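Structure data (compact mmCIF, C-alpha atoms and all ligand atoms) from protein-v8.txt:
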# COMPACT_ATOMS: atom_id res chain seq x y z
CA MET A 1 0.00 0.00 0.00
CA THR A 2 1.17 3.51 -0.83
CA LYS A 3 0.40 6.91 0.69
CA CYS A 4 -1.78 8.89 -1.77
CA ILE A 5 -3.99 11.91 -2.16
CA GLU A 6 -7.19 11.88 -4.20
CA VAL A 7 -7.51 14.75 -6.66
CA ASN A 8 -10.37 15.95 -8.83
CA ARG A 9 -9.72 15.19 -12.52
CA ASN A 10 -9.96 18.78 -13.66
CA GLU A 11 -7.39 19.84 -11.07
CA ALA A 12 -5.07 16.89 -11.65
CA GLU A 13 -2.56 18.53 -13.99
CA HIS A 14 -1.82 21.60 -11.91
CA ILE A 15 -1.68 19.57 -8.71
CA ARG A 16 0.71 17.09 -10.36
CA ARG A 17 2.99 20.00 -11.27
CA GLU A 18 2.77 21.48 -7.79
CA LEU A 19 3.63 18.09 -6.24
CA ILE A 20 6.65 17.79 -8.57
CA SER A 21 7.88 21.26 -7.78
CA LEU A 22 7.54 20.65 -4.03
CA ASN A 23 9.34 17.32 -4.45
CA LEU A 24 6.32 15.53 -2.97
CA LEU A 25 5.34 13.23 -5.87
CA ASP A 26 6.50 9.67 -5.20
CA ASN A 27 7.87 8.60 -8.57
CA ASN A 28 8.30 4.99 -7.52
CA TYR A 29 4.57 4.48 -8.18
CA ALA A 30 2.25 5.37 -11.06
CA PRO A 31 -0.82 7.55 -10.36
CA LYS A 32 -4.17 5.76 -10.72
CA ALA A 33 -7.44 7.06 -12.18
CA GLU A 34 -10.66 5.93 -10.50
CA ASP A 35 -14.22 7.20 -11.00
CA ASP A 36 -14.02 11.01 -10.77
CA GLY A 37 -10.61 11.27 -9.18
CA ILE A 38 -6.93 10.52 -9.64
CA TYR A 39 -4.77 9.08 -6.86
CA PHE A 40 -1.28 10.57 -6.72
CA PRO A 41 1.41 8.79 -4.66
CA VAL A 42 3.00 11.29 -2.28
CA LYS A 43 6.05 11.40 -0.04
CA GLY A 44 4.32 13.45 2.68
CA GLN A 45 1.54 15.84 3.60
CA PHE A 46 0.36 18.12 0.80
CA ARG A 47 -1.69 21.19 1.78
CA ASN A 48 -4.66 19.90 3.81
CA PHE A 49 -5.34 16.90 1.54
CA LYS A 50 -6.30 13.72 3.39
CA LEU A 51 -3.67 10.97 3.08
CA VAL A 52 -5.12 7.60 2.06
CA GLU A 53 -3.52 4.18 1.53
CA LYS A 54 -3.91 2.72 -1.97
CA LYS A 55 -2.44 -0.14 -3.94
CA LEU A 56 -0.60 1.44 -6.88
CA LYS A 57 1.56 -0.07 -9.62
CA GLU A 58 5.30 0.25 -9.14
CA ARG A 59 6.89 2.17 -11.98
CA ALA A 60 9.15 0.34 -14.39
CA PRO A 61 12.83 0.70 -13.53
CA GLY A 62 14.44 3.56 -15.39
CA VAL A 63 11.86 6.19 -14.44
CA PHE A 64 13.66 8.26 -11.84
CA SER A 65 13.03 11.28 -9.68
CA LEU A 66 15.49 14.17 -9.92
CA GLU A 67 17.04 12.99 -6.66
CA ASP A 68 17.51 9.44 -7.98
CA SER A 69 19.07 10.76 -11.12
CA LEU A 70 21.51 12.98 -9.20
CA ARG A 71 22.45 10.53 -6.46
CA SER A 72 25.01 8.76 -8.63
CA LYS A 73 26.36 11.96 -10.21
CA LEU A 74 27.10 13.94 -7.05
CA THR A 75 29.20 13.22 -3.97
CA PRO A 76 27.15 12.54 -0.80
CA GLU A 77 28.17 15.99 0.47
CA GLU A 78 27.02 17.68 -2.76
CA PHE A 79 23.86 15.61 -2.79
CA GLY A 80 23.02 16.84 0.70
CA LEU A 81 23.17 20.43 -0.56
CA ILE A 82 20.65 20.22 -3.41
CA VAL A 83 17.49 22.28 -2.96
CA LYS A 84 14.84 19.70 -3.68
CA SER A 85 11.88 21.93 -4.49
CA PHE A 86 11.69 24.13 -7.58
CA ASP A 87 9.04 26.06 -9.50
CA VAL A 88 7.67 24.89 -12.81
CA ILE A 89 5.87 27.65 -14.71
CA GLY A 90 4.46 26.20 -17.92
CA ASP A 91 7.45 24.40 -19.44
CA ILE A 92 10.11 26.47 -17.63
CA ALA A 93 11.71 25.24 -14.41
CA ILE A 94 13.29 27.72 -11.99
CA VAL A 95 15.76 26.18 -9.57
CA GLU A 96 17.86 27.33 -6.67
CA ILE A 97 21.52 26.28 -6.75
CA PRO A 98 23.56 26.78 -3.58
CA LYS A 99 26.93 28.53 -4.10
CA LYS A 100 28.87 25.35 -3.31
CA LEU A 101 27.09 23.50 -6.14
CA GLU A 102 27.65 26.15 -8.82
CA LYS A 103 30.12 23.96 -10.72
CA LYS A 104 27.43 21.29 -11.00
CA GLU A 105 24.58 23.60 -12.05
CA LYS A 106 24.57 22.54 -15.73
CA LEU A 107 24.57 18.89 -14.72
CA ILE A 108 21.67 19.43 -12.30
CA ALA A 109 19.73 21.32 -15.00
CA ALA A 110 20.39 18.58 -17.59
CA SER A 111 19.18 15.93 -15.11
CA LEU A 112 16.03 17.92 -14.48
CA LEU A 113 15.34 18.09 -18.23
CA SER A 114 15.82 14.36 -18.63
CA VAL A 115 13.57 13.43 -15.68
CA HIS A 116 10.74 15.91 -16.25
CA ARG A 117 9.79 15.62 -19.91
CA ASN A 118 7.31 18.51 -19.68
CA VAL A 119 10.15 20.90 -18.75
CA LYS A 120 11.82 22.48 -21.81
CA SER A 121 14.05 25.17 -20.23
CA VAL A 122 15.84 25.46 -16.90
CA PHE A 123 16.82 28.73 -15.22
CA LYS A 124 18.54 29.43 -11.94
CA LYS A 125 17.48 32.10 -9.43
CA LEU A 126 20.13 34.81 -9.10
CA GLY A 127 18.51 36.49 -6.11
CA PRO A 128 15.19 37.25 -4.40
CA MET A 129 12.17 38.97 -5.95
CA GLU A 130 13.05 42.64 -5.91
CA GLY A 131 12.00 46.14 -6.87
CA VAL A 132 8.54 47.61 -7.22
CA TYR A 133 7.65 45.10 -9.95
CA ARG A 134 8.71 42.14 -7.77
CA THR A 135 10.80 40.49 -10.49
CA ARG A 136 13.84 38.26 -10.14
CA LYS A 137 17.08 37.97 -12.12
CA LEU A 138 17.51 34.53 -13.68
CA LYS A 139 20.39 32.73 -15.39
CA PHE A 140 19.75 30.34 -18.27
CA LEU A 141 21.11 26.86 -17.57
CA ALA A 142 19.78 24.31 -20.06
CA GLY A 143 17.22 23.41 -22.73
CA GLU A 144 15.52 25.93 -25.00
CA ARG A 145 16.78 29.48 -24.56
CA LYS A 146 13.38 31.15 -24.13
CA THR A 147 11.72 33.09 -21.32
CA VAL A 148 8.07 33.18 -22.44
CA THR A 149 5.81 30.31 -21.52
CA GLU A 150 2.16 29.35 -21.13
CA TYR A 151 0.95 28.10 -17.76
CA LYS A 152 -2.38 26.42 -17.06
CA GLU A 153 -4.25 26.54 -13.76
CA ASN A 154 -7.87 26.17 -12.64
CA ASN A 155 -8.83 25.71 -16.34
CA CYS A 156 -7.30 29.09 -17.24
CA ARG A 157 -4.31 29.92 -19.47
CA PHE A 158 -1.58 32.44 -18.70
CA ARG A 159 1.19 33.62 -21.01
CA LEU A 160 4.09 35.40 -19.37
CA ASP A 161 7.79 36.15 -19.49
CA VAL A 162 9.47 34.76 -16.37
CA THR A 163 12.18 37.45 -16.48
CA LYS A 164 9.86 40.46 -16.82
CA VAL A 165 6.89 39.83 -14.51
CA TYR A 166 6.01 38.38 -11.13
CA PHE A 167 4.28 35.02 -11.21
CA THR A 168 4.07 32.07 -8.84
CA PRO A 169 2.18 28.79 -9.22
CA ARG A 170 2.27 28.50 -5.42
CA LEU A 171 -0.81 30.72 -5.05
CA SER A 172 -3.10 28.51 -7.15
CA PHE A 173 -5.03 27.27 -4.12
CA GLU A 174 -5.41 30.82 -2.81
CA ARG A 175 -6.81 32.03 -6.14
CA LYS A 176 -9.38 29.24 -6.10
CA ARG A 177 -10.24 29.90 -2.45
CA ILE A 178 -11.10 33.52 -3.24
CA ALA A 179 -12.90 32.72 -6.50
CA GLU A 180 -15.19 30.33 -4.61
CA GLN A 181 -16.40 33.15 -2.36
CA VAL A 182 -17.36 35.55 -5.16
CA LYS A 183 -21.10 36.12 -5.76
CA PRO A 184 -22.82 37.15 -9.02
CA GLY A 185 -22.94 40.90 -9.58
CA GLU A 186 -19.95 41.77 -7.42
CA ARG A 187 -17.81 44.76 -8.38
CA ILE A 188 -14.23 43.80 -7.69
CA LEU A 189 -10.94 45.67 -7.57
CA ALA A 190 -7.95 43.42 -8.25
CA LEU A 191 -5.04 45.59 -7.13
CA PHE A 192 -1.41 44.60 -7.91
CA ALA A 193 -2.87 42.34 -10.58
CA GLY A 194 0.33 41.18 -12.33
CA VAL A 195 -0.45 39.11 -15.45
CA GLY A 196 -4.01 38.66 -14.17
CA PRO A 197 -4.16 35.31 -12.35
CA PHE A 198 -6.54 36.36 -9.55
CA PRO A 199 -9.12 38.14 -11.77
CA ILE A 200 -8.98 35.46 -14.47
CA VAL A 201 -9.50 32.54 -12.08
CA ILE A 202 -12.37 34.45 -10.42
CA VAL A 203 -14.16 35.07 -13.73
CA LYS A 204 -13.67 31.43 -14.79
CA MET A 205 -15.62 30.36 -11.69
CA GLN A 206 -18.02 33.32 -11.50
CA PRO A 207 -18.46 35.05 -14.89
CA GLN A 208 -21.14 37.49 -13.71
CA VAL A 209 -18.82 40.06 -12.17
CA LYS A 210 -17.01 43.23 -13.17
CA ILE A 211 -13.33 43.39 -12.23
CA HIS A 212 -11.02 46.37 -12.59
CA ALA A 213 -7.46 45.06 -12.46
CA VAL A 214 -4.70 47.59 -11.68
CA GLU A 215 -1.03 46.93 -12.45
CA LEU A 216 2.02 49.22 -12.57
CA ASN A 217 4.54 47.09 -14.52
CA PRO A 218 3.95 47.74 -18.28
CA ASP A 219 5.18 44.23 -19.18
CA ALA A 220 2.86 42.54 -16.68
CA PHE A 221 0.02 44.78 -17.91
CA LYS A 222 0.69 43.75 -21.53
CA TYR A 223 0.54 40.05 -20.56
CA MET A 224 -2.59 40.67 -18.48
CA GLU A 225 -4.29 42.18 -21.57
CA GLU A 226 -3.17 39.17 -23.61
CA ASN A 227 -4.37 36.70 -20.95
CA ILE A 228 -7.78 38.38 -20.71
CA ARG A 229 -8.13 37.87 -24.49
CA LEU A 230 -6.74 34.32 -24.33
CA ASN A 231 -9.40 33.38 -21.76
CA ARG A 232 -12.12 35.43 -23.57
CA MET A 233 -12.89 37.62 -20.56
CA GLN A 234 -12.87 41.09 -22.15
CA GLU A 235 -16.46 41.69 -20.98
CA ALA A 236 -15.71 41.03 -17.32
CA ILE A 237 -12.15 42.28 -16.70
CA ILE A 238 -10.94 45.80 -17.38
CA PRO A 239 -7.14 46.08 -17.11
CA ILE A 240 -5.72 49.41 -15.95
CA LEU A 241 -2.05 50.40 -16.23
CA GLY A 242 -1.03 52.64 -13.35
CA ASP A 243 -0.30 53.17 -9.68
CA VAL A 244 -2.95 52.16 -7.14
CA LYS A 245 -2.12 55.37 -5.23
CA ASP A 246 -3.24 57.51 -8.21
CA ILE A 247 -5.98 55.39 -9.72
CA ILE A 248 -8.11 54.69 -6.63
CA PRO A 249 -8.75 58.29 -5.50
CA LYS A 250 -9.44 59.37 -9.10
CA ARG A 251 -11.77 56.59 -10.23
CA PHE A 252 -12.84 54.15 -7.55
CA VAL A 253 -13.99 55.94 -4.39
CA ASN A 254 -16.73 53.96 -2.60
CA SER A 255 -17.04 51.54 -5.53
CA ALA A 256 -15.99 48.00 -4.63
CA ASP A 257 -17.69 44.99 -3.06
CA ARG A 258 -14.41 43.07 -2.91
CA ILE A 259 -10.78 44.18 -3.06
CA LEU A 260 -7.72 41.96 -3.58
CA MET A 261 -4.35 43.15 -2.25
CA PRO A 262 -1.78 40.48 -3.18
CA LEU A 263 1.33 42.58 -2.47
CA PRO A 264 2.71 40.87 0.63
CA LYS A 265 5.71 43.21 0.87
CA GLY A 266 4.22 46.67 1.37
CA ALA A 267 0.44 46.32 0.91
CA GLU A 268 -0.06 48.10 4.25
CA LYS A 269 0.98 51.36 2.53
CA PHE A 270 -2.09 51.04 0.30
CA LEU A 271 -4.67 50.22 2.98
CA GLY A 272 -5.86 53.85 3.00
CA GLU A 273 -6.71 53.60 -0.73
CA ALA A 274 -8.44 50.25 -0.13
CA PHE A 275 -10.68 51.73 2.60
CA LEU A 276 -11.42 54.65 0.27
CA ALA A 277 -12.58 52.27 -2.47
CA ALA A 278 -14.57 49.99 -0.15
CA ARG A 279 -18.36 50.21 -0.15
CA LYS A 280 -20.21 49.18 3.01
CA ASN A 281 -19.67 45.46 3.63
CA CYS A 282 -16.83 45.27 1.11
CA ILE A 283 -14.49 42.33 1.73
CA ILE A 284 -10.76 42.96 1.49
CA HIS A 285 -8.20 40.16 1.02
CA PHE A 286 -5.02 41.53 2.49
CA TYR A 287 -1.68 39.68 2.07
CA GLN A 288 1.46 40.14 4.15
CA PHE A 289 4.74 38.48 5.00
CA ALA A 290 4.88 37.75 8.72
CA SER A 291 6.92 35.94 11.33
CA GLU A 292 6.11 32.26 11.62
CA GLN A 293 5.94 32.62 15.42
CA ASN A 294 3.33 35.35 15.39
CA PRO A 295 1.76 35.34 11.94
CA PHE A 296 -1.28 37.61 12.36
CA GLU A 297 -0.50 40.18 15.04
CA ASP A 298 1.19 42.92 12.94
CA THR A 299 -1.25 42.46 10.07
CA GLU A 300 -4.29 42.90 12.35
CA ARG A 301 -2.66 45.98 13.85
CA PHE A 302 -2.24 47.56 10.38
CA ILE A 303 -5.91 46.94 9.61
CA THR A 304 -7.22 48.32 12.92
CA LYS A 305 -5.04 51.42 12.66
CA GLU A 306 -6.04 52.21 9.07
CA ALA A 307 -9.74 51.59 9.83
CA MET A 308 -9.51 54.18 12.62
CA ILE A 309 -7.75 56.73 10.38
CA SER A 310 -10.37 56.18 7.65
CA GLY A 311 -13.25 56.48 10.13
CA ARG A 312 -14.47 52.96 9.28
CA LYS A 313 -14.77 49.67 11.14
CA ALA A 314 -13.07 46.43 10.06
CA GLU A 315 -14.17 42.95 11.08
CA VAL A 316 -11.66 40.15 10.40
CA ILE A 317 -13.58 37.18 8.98
CA ALA A 318 -10.75 34.76 8.14
CA LYS A 319 -7.01 34.44 8.60
CA ARG A 320 -4.77 31.89 7.02
CA VAL A 321 -1.12 31.03 6.55
CA VAL A 322 -0.85 30.81 2.76
CA ARG A 323 2.63 29.28 2.46
CA PRO A 324 6.06 29.20 4.02
CA PHE A 325 8.17 31.90 2.35
CA ALA A 326 11.66 31.89 3.91
CA PRO A 327 13.14 30.45 7.10
CA GLY A 328 10.94 31.82 9.93
CA VAL A 329 8.79 33.82 7.49
CA VAL A 330 5.33 32.93 6.16
CA GLN A 331 2.91 34.57 3.77
CA VAL A 332 -0.47 35.21 5.38
CA VAL A 333 -3.85 36.47 4.24
CA LEU A 334 -6.45 38.22 6.35
CA ASP A 335 -9.95 38.62 4.92
CA PHE A 336 -11.87 41.46 6.55
CA ARG A 337 -15.21 43.17 6.10
CA VAL A 338 -15.39 46.96 6.02
CA LYS A 339 -18.33 48.54 7.83
C1 LIG B 401 3.53 40.16 -5.69
S1 LIG B 401 3.07 40.70 -7.30
C2 LIG B 401 1.48 39.94 -7.47
C3 LIG B 401 1.03 39.81 -8.91
C4 LIG B 401 -0.22 38.99 -9.12
N1 LIG B 401 -1.33 39.43 -8.30
C5 LIG B 401 0.05 37.52 -8.88
O1 LIG B 401 -0.42 36.96 -7.88
O2 LIG B 401 0.74 36.91 -9.71
C6 LIG B 401 2.69 42.40 -7.02
C7 LIG B 401 2.40 43.18 -8.28
O3 LIG B 401 2.03 44.51 -7.90
C8 LIG B 401 2.56 45.42 -8.84
N2 LIG B 401 2.65 46.73 -8.16
C9 LIG B 401 3.56 47.13 -7.25
N3 LIG B 401 3.29 48.37 -6.81
C10 LIG B 401 2.16 48.77 -7.46
C11 LIG B 401 1.38 49.96 -7.42
N4 LIG B 401 1.71 50.99 -6.64
N5 LIG B 401 0.27 50.03 -8.19
C12 LIG B 401 -0.07 48.99 -9.01
N6 LIG B 401 0.64 47.84 -9.08
C13 LIG B 401 1.74 47.73 -8.31
C14 LIG B 401 3.91 44.81 -9.24
O4 LIG B 401 4.34 45.28 -10.50
C15 LIG B 401 3.56 43.31 -9.25
O5 LIG B 401 3.17 42.89 -10.52

Would you mind writing the file's structure down as C-alpha cells?
Ligand SMILES: C[S@@+](CC[C@H](N)C(=O)[O-])C[C@H]1O[C@@H](n2cnc3c(N)ncnc32)[C@H](O)[C@@H]1O
Amino acid sequence: MTKCIEVNRNEAEHIRRELISLNLLDNNYAPKAEDDGIYFPVKGQFRNFKLVEKKLKERAPGVFSLEDSLRSKLTPEEFGLIVKSFDVIGDIAIVEIPKKLEKKEKLIAASLLSVHRNVKSVFKKLGPMEGVYRTRKLKFLAGERKTVTEYKENNCRFRLDVTKVYFTPRLSFERKRIAEQVKPGERILALFAGVGPFPIVIVKMQPQVKIHAVELNPDAFKYMEENIRLNRMQEAIIPILGDVKDIIPKRFVNSADRILMPLPKGAEKFLGEAFLAARKNCIIHFYQFASEQNPFEDTERFITKEAMISGRKAEVIAKRVVRPFAPGVVQVVLDFRVK
C-alpha cells in the first residue's frame, strides 16, 4: 500500500505539477485514475489533503526522480546540498543552486530536463524577488533558450515572461479559495494584478462580475491584456495600467464589493486607498509576510489602525497562513469586512 492523495480530474494537472515542484510526488509508483478522481502517490503531507492508503503499480525501472538521477552523479556531500523543491511555470523550471554546487549547475539542470519531460528550459534564481515590480534575475542553464511560456491553472491559461513579470504557481489554491467566495454581480478591484491570475480565475468560476485590475509594470500589464483575451474575458475584466495610489482616489472611491491586495511586501501602505474604495460590507483580502511565530498580530494591527484613520470599522472574517516563504517567514492572508 502507498500513501496517496485523491484529486479531482480537472485539477489533476496543476496539482501534479505542484507536487513535482515541491518534491512531494512519489515517482516509484504510477498515479491511478478511478471514478471522478486521480490518486497521486505522495512522499508526505500536501496542503490539507487527506492521506489515504492505496495499492498502486510500481513504476518500471528507469523512471527516476530528480534525486535518484543525481544521487550517482554527485558526492554525498554535494547531494546533501541540493534544494529539492523548484518552481515549474508552464514548461520552464526555476531552480535554486547553492553557491557550493555552482560547478554542478549545468549537470543538475540537464538531469532535471531528462527526468521531467514537460520541462523544456531550466533557469537558476540569481537572487530574491526585488523592486517595485517584484521580479527576479535569472540565469539560463539548459534546454531551450526562451523566457516566455504558457501556464495552465484552474482551467485558465496564462502567457508570461518569467524574467519580466512576477508570477508564482504557489498561489493557485489561494486564487481558487477567493474565486469560490465571489457572488454574481460583485464589483471587484484586483489591485497589484500582475499578469491577471486572480481576476482570471475568479471570472472562470463566477463570470457574472465586473473586475477592474490595476497593475504598474507595463510588461505585466501587456501580458494581463493578452491573458484576458486568451481566456475570452474582455467583458468582465478591465485592465488598468497605473499606480494604485493615483488610480483609486481618481476613479474608484466607494465603488468595490471586494478588493484583492496580493502585495505581501508593502500592501499596508495602500490600505488607505483600499478603505477609500470599499463600499459598506466590502471584503478585502489583504496579504502580508509575517513571522512564523506570530503570523497575524502585525497584520491585524495595520488593519485596525487604518480603519480608525479612515473612520471605518473592520471585522476580520478569516485568517490563514498561505505558504512558508523563507526560514521563519510565512505569507499570510487576512480577509476582513469593512463597515
Ligand atoms: C507580488 S506581485 C502579485 C502579482 C499577481 N497578483 C500575482 O499573484 O501573480 C505584485 C504586483 O504589484 C505590482 N505593483 C507594485 N506596486 C504597485 C502599485 N503601486 N500600483 C499597481 N501595481 C503595483 C507589481 O508590479 C507586481 O506585478

Which residue gives the smallest distance to Val321 in chain A among A:Leu171, A:Leu51, A:Met308, A:Ala93, with all atoms listed in the file counted?
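Nearest candidate to Val321 in chain A out of A:Leu171, A:Leu51, A:Met308, A:Ala93: A:Leu171.
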
Check every protein, DNA and RNA residue against ligand LIG 401 (chain B), keep those with an atom at most 10 Å away (counting all atoms listed in the file), and present them as JSON, numbers by chain.
{"A": [129, 130, 131, 132, 133, 134, 135, 164, 165, 166, 167, 168, 169, 170, 171, 172, 174, 175, 190, 191, 192, 193, 194, 195, 196, 197, 198, 199, 213, 214, 215, 216, 217, 218, 219, 220, 221, 224, 240, 241, 242, 243, 244, 245, 246, 247, 248, 260, 261, 262, 263, 264, 265, 266, 267, 269, 270, 287]}

If we count all atoms listed in the file, what is near Asp91 in chain A at a cut-off of 8 Å, once residues fewer than 6 positions away on the same chain are taken out, given as a VMD selection string?
chain A and resid 118 to 121 149 to 151

Taking into account all atoms listed in the file, which residue in the set A:Phe325, A:Phe79, A:Phe296, A:Phe336 is nearest to Asp257 in chain A?
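The shortest atom-to-atom distance to Asp257 in chain A comes from A:Phe336.
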
Closest of A:Ala307, A:Ala142, A:Leu126, A:Leu276 to Lys250 in chain A - atom-to-atom distances counting only C-alpha atoms:
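Using only C-alpha atoms, Lys250 in chain A sits closest to A:Leu276.
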
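CA of Val115 in chain A is found 15.7 Å from CA of Ile82 in chain A.
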
Give me, as a ChimeraX atom specification, all polymer residues having an atom no more than 9 Å from Ala110 in chain A, counting all atoms listed in the file and skipping those fewer than 4 positions away in the same chain.
/A:105-106,114-115,122,141-143

Quick one: residues within 9 Å of (-2.3, 6.2, -10.7) (file frame), counting only C-alpha atoms, please, as number ranges by chain.
A: 29-34, 38-41, 56-57

Using CA of Val83 in chain A and CA of Lys125 in chain A as the two end points, give the distance in Å to one decimal.
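These atoms are spaced 11.8 Å apart.
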
Measure the distance from CA of Lys43 in chain A to CA of Ala12 in chain A in Å and round it to one decimal.
17.0 Å

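Shell of Val338 in chain A at 10 Å, with all atoms listed in the file counted and residues fewer than 5 places along the chain excluded, is Asp257, Arg258, Ala274, Phe275, Ala278, Arg279, Lys280, Asn281, Cys282, Ile283, Ile284, Ala307, Arg312, Lys313, Ala314, Glu315 and Val316 of chain A.
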
Edge lengths and centre in Å to one decimal, as AutoDock Vina command-line options, is what I'm after for the box along x, y and z that holds all listed atoms of range 321-339 of chain A once 4 Å is added on each side.
--center_x -2.6 --center_y 38.9 --center_z 6.1 --size_x 39.5 --size_y 27.3 --size_z 15.6

Please list as a count of residues only every residue within 9 Å of Ile200 in chain A, counting all atoms listed in the file and excluding residues in the same chain fewer than 5 positions away.
8

Surrounding residues of Phe302 in chain A excluding itself and chain neighbours under 3 positions, 10 Å, only C-alpha atoms, as a VMD selection string:
chain A and resid 267 to 269 271 297 to 299 305 to 307

Between A:Arg187, A:Arg71, A:Arg17, A:Asn48, which one has atoms that come closest to Arg117 in chain A, using all atoms listed in the file?
A:Arg17

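With all atoms listed in the file as the basis for measurement, A:Ser111 is the residue among A:Leu334, A:Cys4, A:Glu11, A:Ser111 that approaches Ser69 in chain A most closely.
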